[in-house]
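Asker: Structure file entry-v5.txt (compact mmCIF, C-alpha atoms) is given on the next line.
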```txt
# COMPACT_ATOMS: atom_id res chain seq x y z
CA MET B 1 -43.77 56.40 44.50
CA ALA B 2 -41.42 57.06 47.33
CA LYS B 3 -40.29 60.66 47.48
CA GLU B 4 -42.37 62.25 44.71
CA GLY B 5 -45.55 60.67 45.98
CA LEU B 6 -44.93 61.70 49.58
CA ASP B 7 -44.16 65.26 48.46
CA ALA B 8 -47.45 65.38 46.57
CA ILE B 9 -49.34 63.99 49.56
CA LEU B 10 -47.86 66.57 51.93
CA ALA B 11 -48.41 69.40 49.44
CA ALA B 12 -52.05 68.44 48.94
CA SER B 13 -52.63 68.08 52.67
CA ALA B 14 -51.27 71.60 53.17
CA TYR B 15 -54.23 72.76 51.05
CA GLY B 16 -56.67 70.94 53.30
CA GLN B 17 -57.50 68.11 50.91
CA HIS B 18 -58.89 64.89 52.33
CA ILE B 19 -56.27 62.35 51.30
CA GLN B 20 -56.45 58.59 51.09
CA VAL B 21 -53.32 56.64 50.20
CA LEU B 22 -53.37 53.19 48.61
CA PHE B 23 -50.26 51.05 48.26
CA MET B 24 -50.54 48.40 45.57
CA ASP B 25 -48.40 46.25 43.28
CA GLU B 26 -44.67 47.03 43.73
CA GLY B 27 -45.66 49.97 45.94
CA VAL B 28 -46.36 47.63 48.85
CA PHE B 29 -42.62 47.04 49.32
CA GLN B 30 -42.38 50.57 50.67
CA LEU B 31 -44.34 49.49 53.72
CA LEU B 32 -41.82 46.84 54.76
CA ARG B 33 -40.39 47.52 58.19
CA HIS B 34 -36.71 47.29 59.03
CA GLN B 35 -35.49 48.73 55.75
CA SER B 36 -31.96 50.06 56.10
CA PRO B 37 -30.95 51.91 52.96
CA LYS B 38 -28.37 53.92 54.90
CA SER B 39 -25.45 52.37 53.05
CA LEU B 40 -27.02 53.74 49.86
CA SER B 41 -27.30 57.18 51.51
CA LEU B 42 -31.10 57.01 51.31
CA LYS B 43 -33.91 57.34 53.80
CA SER B 44 -36.27 54.51 54.56
CA PRO B 45 -39.65 55.14 52.89
CA SER B 46 -41.49 53.36 55.67
CA ASN B 47 -40.04 55.82 58.20
CA LEU B 48 -41.36 58.70 56.09
CA ILE B 49 -44.72 57.02 55.63
CA GLU B 50 -45.01 56.53 59.39
CA THR B 51 -44.88 60.29 59.83
CA LEU B 52 -48.02 60.82 57.67
CA PRO B 53 -50.52 60.60 60.57
CA ILE B 54 -48.72 63.60 62.13
CA TYR B 55 -49.87 65.57 59.08
CA GLY B 56 -53.43 64.32 59.45
CA ILE B 57 -53.16 61.62 56.79
CA THR B 58 -54.56 58.58 58.50
CA ASP B 59 -56.32 56.76 55.66
CA LEU B 60 -53.52 54.43 54.59
CA TYR B 61 -54.56 51.36 52.63
CA VAL B 62 -52.73 48.41 51.17
CA CYS B 63 -53.82 45.96 48.49
CA GLU B 64 -54.25 42.51 50.01
CA ASP B 65 -53.70 40.72 46.68
CA SER B 66 -50.42 42.56 46.11
CA LEU B 67 -49.15 41.45 49.53
CA THR B 68 -50.20 37.84 48.90
CA LYS B 69 -48.54 37.74 45.46
CA ARG B 70 -45.29 38.95 47.00
CA ALA B 71 -45.54 36.63 50.01
CA ILE B 72 -45.52 39.59 52.38
CA ASN B 73 -47.09 38.83 55.72
CA GLU B 74 -49.17 41.63 57.24
CA GLU B 75 -46.88 41.54 60.29
CA LEU B 76 -43.94 42.55 58.10
CA ILE B 77 -45.46 45.87 57.08
CA MET B 78 -45.80 49.03 59.12
CA PRO B 79 -48.79 49.16 61.45
CA GLY B 80 -51.66 51.55 60.83
CA THR B 81 -52.37 50.40 57.27
CA GLN B 82 -55.65 48.76 56.41
CA CYS B 83 -55.75 45.77 54.05
CA LEU B 84 -58.24 46.08 51.18
CA SER B 85 -59.68 43.37 48.95
CA LYS B 86 -60.04 43.84 45.21
CA GLU B 87 -63.67 44.85 45.64
CA ASP B 88 -62.77 47.34 48.39
CA ILE B 89 -60.20 48.90 46.05
CA LYS B 90 -62.75 49.27 43.25
CA HIS B 91 -65.02 51.05 45.68
CA LEU B 92 -62.17 53.24 46.98
CA ILE B 93 -61.28 54.34 43.43
CA ALA B 94 -64.92 55.00 42.57
CA THR B 95 -65.36 57.33 45.53
CA GLN B 96 -62.45 59.69 44.79
CA ASP B 97 -62.69 63.15 43.23
CA ALA B 98 -59.18 62.95 41.82
CA ILE B 99 -56.49 60.30 41.65
CA LEU B 100 -52.72 60.69 41.49
CA ASN B 101 -50.58 57.67 40.73
CA PHE B 102 -46.90 57.29 41.63
CA MET A 1 -67.32 56.08 18.26
CA ASN A 2 -69.69 53.80 20.16
CA GLU A 3 -71.38 55.31 23.18
CA PRO A 4 -69.85 54.21 26.48
CA LYS A 5 -72.18 52.76 29.10
CA LYS A 6 -74.29 54.99 31.31
CA GLU A 7 -73.37 55.94 34.93
CA LYS A 8 -69.85 56.85 34.00
CA GLN A 9 -67.22 56.20 36.57
CA THR A 10 -63.48 56.16 36.13
CA LEU A 11 -61.52 56.62 32.92
CA HIS A 12 -58.33 54.57 33.18
CA ILE A 13 -55.52 55.81 30.96
CA VAL A 14 -52.73 53.37 30.16
CA SER A 15 -49.72 54.33 28.09
CA ARG A 16 -46.95 51.80 28.62
CA SER A 17 -46.24 48.74 26.52
CA PRO A 18 -47.76 45.46 27.73
CA TYR A 19 -44.52 43.80 26.62
CA GLN A 20 -42.60 45.65 29.33
CA TYR A 21 -45.12 46.51 32.02
CA ARG A 22 -48.19 44.91 33.58
CA ASP A 23 -50.21 48.15 33.73
CA ILE A 24 -53.09 46.86 31.64
CA GLU A 25 -53.53 43.68 33.70
CA GLN A 26 -53.28 45.64 36.95
CA CYS A 27 -55.80 48.14 35.64
CA LEU A 28 -58.25 45.49 34.39
CA ASP A 29 -58.03 43.85 37.79
CA ARG A 30 -59.24 47.00 39.55
CA ALA A 31 -61.62 48.53 37.05
CA CYS A 32 -65.38 48.48 37.62
CA ASP A 33 -67.86 47.36 34.97
CA ASN A 34 -68.94 50.88 34.10
CA ASP A 35 -65.38 52.24 33.86
CA ALA A 36 -63.51 52.80 30.60
CA ILE A 37 -59.93 52.00 29.67
CA LEU A 38 -58.11 54.14 27.14
CA LEU A 39 -54.95 52.84 25.50
CA THR A 40 -52.49 55.43 24.32
CA GLY A 41 -48.77 55.48 23.56
CA ASP A 42 -47.09 52.06 23.49
CA ALA A 43 -50.06 50.54 25.35
CA VAL A 44 -51.76 50.24 21.95
CA PHE A 45 -49.42 47.31 21.22
CA ALA A 46 -51.83 45.35 23.42
CA LEU A 47 -54.15 45.32 20.42
CA LEU A 48 -51.89 42.96 18.50
CA PRO A 49 -53.64 39.57 18.61
CA THR A 50 -50.27 38.05 19.51
CA SER A 51 -49.83 40.21 22.62
CA THR A 52 -50.04 38.44 25.96
CA ILE A 53 -52.80 40.73 27.11
CA TYR A 54 -54.98 40.56 24.00
CA HIS A 55 -57.35 37.84 25.23
CA HIS A 56 -57.99 39.83 28.43
CA LEU A 57 -59.01 42.83 26.33
CA LYS A 58 -61.22 40.70 24.14
CA ASN A 59 -63.10 39.14 27.04
CA THR A 60 -63.67 42.15 29.24
CA SER A 61 -67.03 43.86 29.47
CA ILE A 62 -65.33 47.18 30.27
CA PHE A 63 -65.52 49.88 27.59
CA MET A 64 -62.16 49.70 25.81
CA CYS A 65 -60.84 52.36 23.50
CA ALA A 66 -57.55 53.35 21.91
CA LEU A 67 -56.35 56.61 20.42
CA GLU A 68 -56.54 56.17 16.67
CA PRO A 69 -53.56 58.47 15.90
CA GLU A 70 -51.36 56.38 18.24
CA VAL A 71 -52.52 53.14 16.66
CA ALA A 72 -51.95 54.53 13.16
CA ALA A 73 -48.56 55.97 14.12
CA ARG A 74 -47.34 52.47 15.02
CA GLY A 75 -48.63 50.92 11.80
CA LEU A 76 -51.14 48.78 13.65
CA LEU A 77 -54.14 49.69 11.50
CA GLU A 78 -52.66 47.42 8.86
CA GLN A 79 -52.04 44.65 11.41
CA ASN A 80 -55.63 43.38 11.60
CA VAL A 81 -56.59 45.21 14.77
CA PRO A 82 -60.15 43.91 15.18
CA GLU A 83 -62.54 46.82 15.52
CA SER A 84 -65.01 44.66 17.41
CA THR A 85 -62.53 44.48 20.32
CA ILE A 86 -61.69 48.12 20.54
CA ASN A 87 -63.17 51.51 19.82
CA LEU A 88 -60.70 53.68 17.96
CA ILE A 89 -61.16 57.28 19.05
CA SER A 90 -59.82 60.67 18.00
CA ASP A 91 -57.97 63.19 20.15
CA ASP A 92 -61.20 65.21 20.41
CA ASP A 93 -63.04 62.11 21.64
CA PHE A 94 -60.32 61.69 24.28
CA VAL A 95 -61.01 65.19 25.61
CA GLN A 96 -64.72 64.43 25.62
CA LEU A 97 -64.19 61.19 27.57
CA VAL A 98 -62.13 62.98 30.21
CA CYS A 99 -64.99 65.45 30.62
CA GLU A 100 -67.71 62.79 30.67
CA TYR A 101 -66.18 60.48 33.26
CA SER A 102 -66.25 61.39 36.94
CA ARG A 103 -62.47 60.98 37.32
CA SER A 104 -59.44 59.79 35.44
CA PHE A 105 -56.76 57.41 36.64
CA THR A 106 -53.43 57.47 34.84
CA TRP A 107 -51.54 54.19 35.21
CA PHE A 108 -47.76 54.13 35.03
```
Would you mind writing the structure in this file as structure tokens?
Answerer:
Amino acid sequence: MAKEGLDAILAASAYGQHIQVLFMDEGVFQLLRHQSPKSLSLKSPSNLIETLPIYGITDLYVCEDSLTKRAINEELIMPGTQCLSKEDIKHLIATQDAILNF
Amino acid sequence: MNEPKKEKQTLHIVSRSPYQYRDIEQCLDRACDNDAILLTGDAVFALLPTSTIYHHLKNTSIFMCALEPEVAARGLLEQNVPESTINLISDDDFVQLVCEYSRSFTWF
């Protein structure tokens, strides 16, 4: 996702859409704290993601299974994200009007 | 084309090859019983009985379909794609499915 996804989120929020963001599979790595991609001349995605609540996007979810499979402890990811089980994710998907995947 | 189940939910669209990506497994993992999964592009290679994902497709209760022109384009119609596993649909059927389901989810 990274940049393209964040751009889409911010663009949609500018039109007053109610946005929920789910991080799953490889996407969960973006939530890792202490990323320092400076030497690659890039910005840390987690820093950008942390700014989302400022734009009114507070529903940030992460797939519990994806974290477990990658041995990522919840303490290693940025705070403010809510862990969802497989069943929770099914329900989340089923309650959306539209879905964008990045 | 067989009628999908009632109470239509999400239409999952998968287009990448199961030999390179795990889209189909990830999708199957998060699809509800009354969802549908449409295979298009290189994802239709999942229909080969030798593919790693084939047994998952065979055993799921989710409505599975594949775009017939994509399957034909890759020469898979001659490769014993079992019609009992999958519903082969036309481009027009694809449009109809998108309209019938409450939402679509494109995996990539």
Asker: Would you give me, as a ChimeraX atom specification, the residues of chain A that come within 12 Å of chain B, using only C-alpha atoms?
Answerer: /A:7-14,21-23,25-35,98,101-108
Asker: Quick one: residues within 6 Å of Leu88 in chain A, all atoms listed in the file counted, chain neighbours fewer than 3 positions away excluded, as a list in words?
Answerer: Cys65, Ala66, Leu67 and Glu68 of chain A
Asker: So, with all atoms listed in the file as the atoms that count, which of B:Lys3, B:Lys69, B:Leu76, B:Ser13 lies closest to Ser44 in chain B?
Answerer: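 Smallest separation from Ser44 in chain B among the options: B:Lys3.
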Asker: Would you list the contacts of Ile72 in chain B as a ChimeraX atom specification, taking every protein, DNA or RNA residue within 10 Å and counting only C-alpha atoms, but skipping same-chain residues closer than 6 positions in sequence?
Answerer: /B:28-29,32,64,66
Asker: Measure the distance from CA of Leu57 in chain A to CA of Thr85 in chain A in Å and round it to one decimal.
Answerer: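 Spanning CA of Leu57 in chain A to CA of Thr85 in chain A is a straight-line distance of 7.2 Å.
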Asker: Which of these, A:Phe94, A:Ile86, A:Cys99, A:Arg16, has the shortest distance to Asn59 in chain A once you count all atoms listed in the file?
Answerer: A:Ile86
Asker: So which one's closest to Ile37 in chain A, A:Ala73, A:Met64, A:Glu78, A:Ile89? Using only C-alpha atoms, please.
Answerer: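 With only C-alpha atoms as the atom set, the closest residue is A:Met64.
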Asker: Extending 4 Å beyond the listed atoms of range 83-98 of chain B on each side, what axis-aligned box results? I want centre and edge lengths in Å to one decimal, as lines of an AutoDock Vina configuration file.
Answerer:
```
center_x = -60.6
center_y = 53.3
center_z = 47.9
size_x = 17.6
size_y = 27.8
size_z = 20.2
```
Asker: May I ask for the distance between CA of Ser17 in chain A and CA of Pro69 in chain A, given in Å to one decimal place?
Answerer: 16.2 Å
Asker: To one decimal place, how far is CA of Leu97 in chain A from CA of Phe23 in chain B in Å?
Answerer: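 According to the coordinates, CA of Leu97 in chain A and CA of Phe23 in chain B are separated by 26.9 Å.
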Asker: From the options A:Val71, A:Glu100, A:Ser15, A:Asn87, which residue's atoms come nearest to Lys58 in chain A, counting only C-alpha atoms?
Answerer: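 Among the listed residues, A:Asn87 lies closest to Lys58 in chain A.
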Asker: Pick out the residues sitting within 7 Å of Leu31 in chain B, and hand them over as a list in words; count all atoms listed in the file, and ignore anything fewer than 4 positions along from it in its own chain.
Answerer: Ser46, Ile77 and Met78 of chain B
Asker: From (-52.5, 58.7, 59.5), in the file's coordinates, out to 12 Å: which residues are reached, counting all atoms listed in the file? Answer as number ranges by chain.
Answerer: B: 9-10, 13, 18-21, 48-61, 78-82
Asker: Keeping C-alpha atoms, write range 65-103 of chain A of the structure just shown out as a tab-separated table (two decimals), in the first residue's frame.
Answerer:
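As written to disk, selection_3.tsv reads:
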```tsv
chain	number	residue	atom	x	y	z
A	65	CYS	CA	-16.30	-19.00	-11.04
A	66	ALA	CA	-13.74	-18.23	-13.72
A	67	LEU	CA	-13.93	-16.12	-16.86
A	68	GLU	CA	-14.27	-18.56	-19.73
A	69	PRO	CA	-12.40	-16.38	-22.27
A	70	GLU	CA	-9.40	-16.21	-19.89
A	71	VAL	CA	-9.46	-19.97	-19.34
A	72	ALA	CA	-9.74	-20.60	-23.08
A	73	ALA	CA	-7.02	-18.07	-23.88
A	74	ARG	CA	-4.55	-20.06	-21.77
A	75	GLY	CA	-5.49	-23.38	-23.36
A	76	LEU	CA	-6.89	-24.73	-20.12
A	77	LEU	CA	-10.19	-25.94	-21.56
A	78	GLU	CA	-8.24	-28.82	-23.06
A	79	GLN	CA	-6.45	-29.48	-19.76
A	80	ASN	CA	-9.31	-31.31	-18.04
A	81	VAL	CA	-10.58	-28.37	-16.01
A	82	PRO	CA	-13.38	-30.10	-14.10
A	83	GLU	CA	-16.61	-28.20	-14.58
A	84	SER	CA	-17.96	-29.53	-11.30
A	85	THR	CA	-15.34	-27.46	-9.45
A	86	ILE	CA	-15.84	-24.21	-11.24
A	87	ASN	CA	-18.49	-22.27	-13.08
A	88	LEU	CA	-17.13	-20.91	-16.34
A	89	ILE	CA	-18.76	-17.56	-17.04
A	90	SER	CA	-18.82	-15.08	-19.92
A	91	ASP	CA	-17.80	-11.42	-19.83
A	92	ASP	CA	-21.51	-10.49	-19.72
A	93	ASP	CA	-22.01	-12.77	-16.71
A	94	PHE	CA	-19.09	-10.98	-15.03
A	95	VAL	CA	-20.85	-7.63	-15.42
A	96	GLN	CA	-24.03	-9.18	-14.06
A	97	LEU	CA	-22.21	-10.58	-11.02
A	98	VAL	CA	-20.69	-7.19	-10.22
A	99	CYS	CA	-24.20	-5.72	-10.30
A	100	GLU	CA	-25.77	-8.52	-8.26
A	101	TYR	CA	-23.30	-8.56	-5.39
A	102	SER	CA	-23.35	-5.85	-2.74
A	103	ARG	CA	-19.66	-5.02	-3.23
```
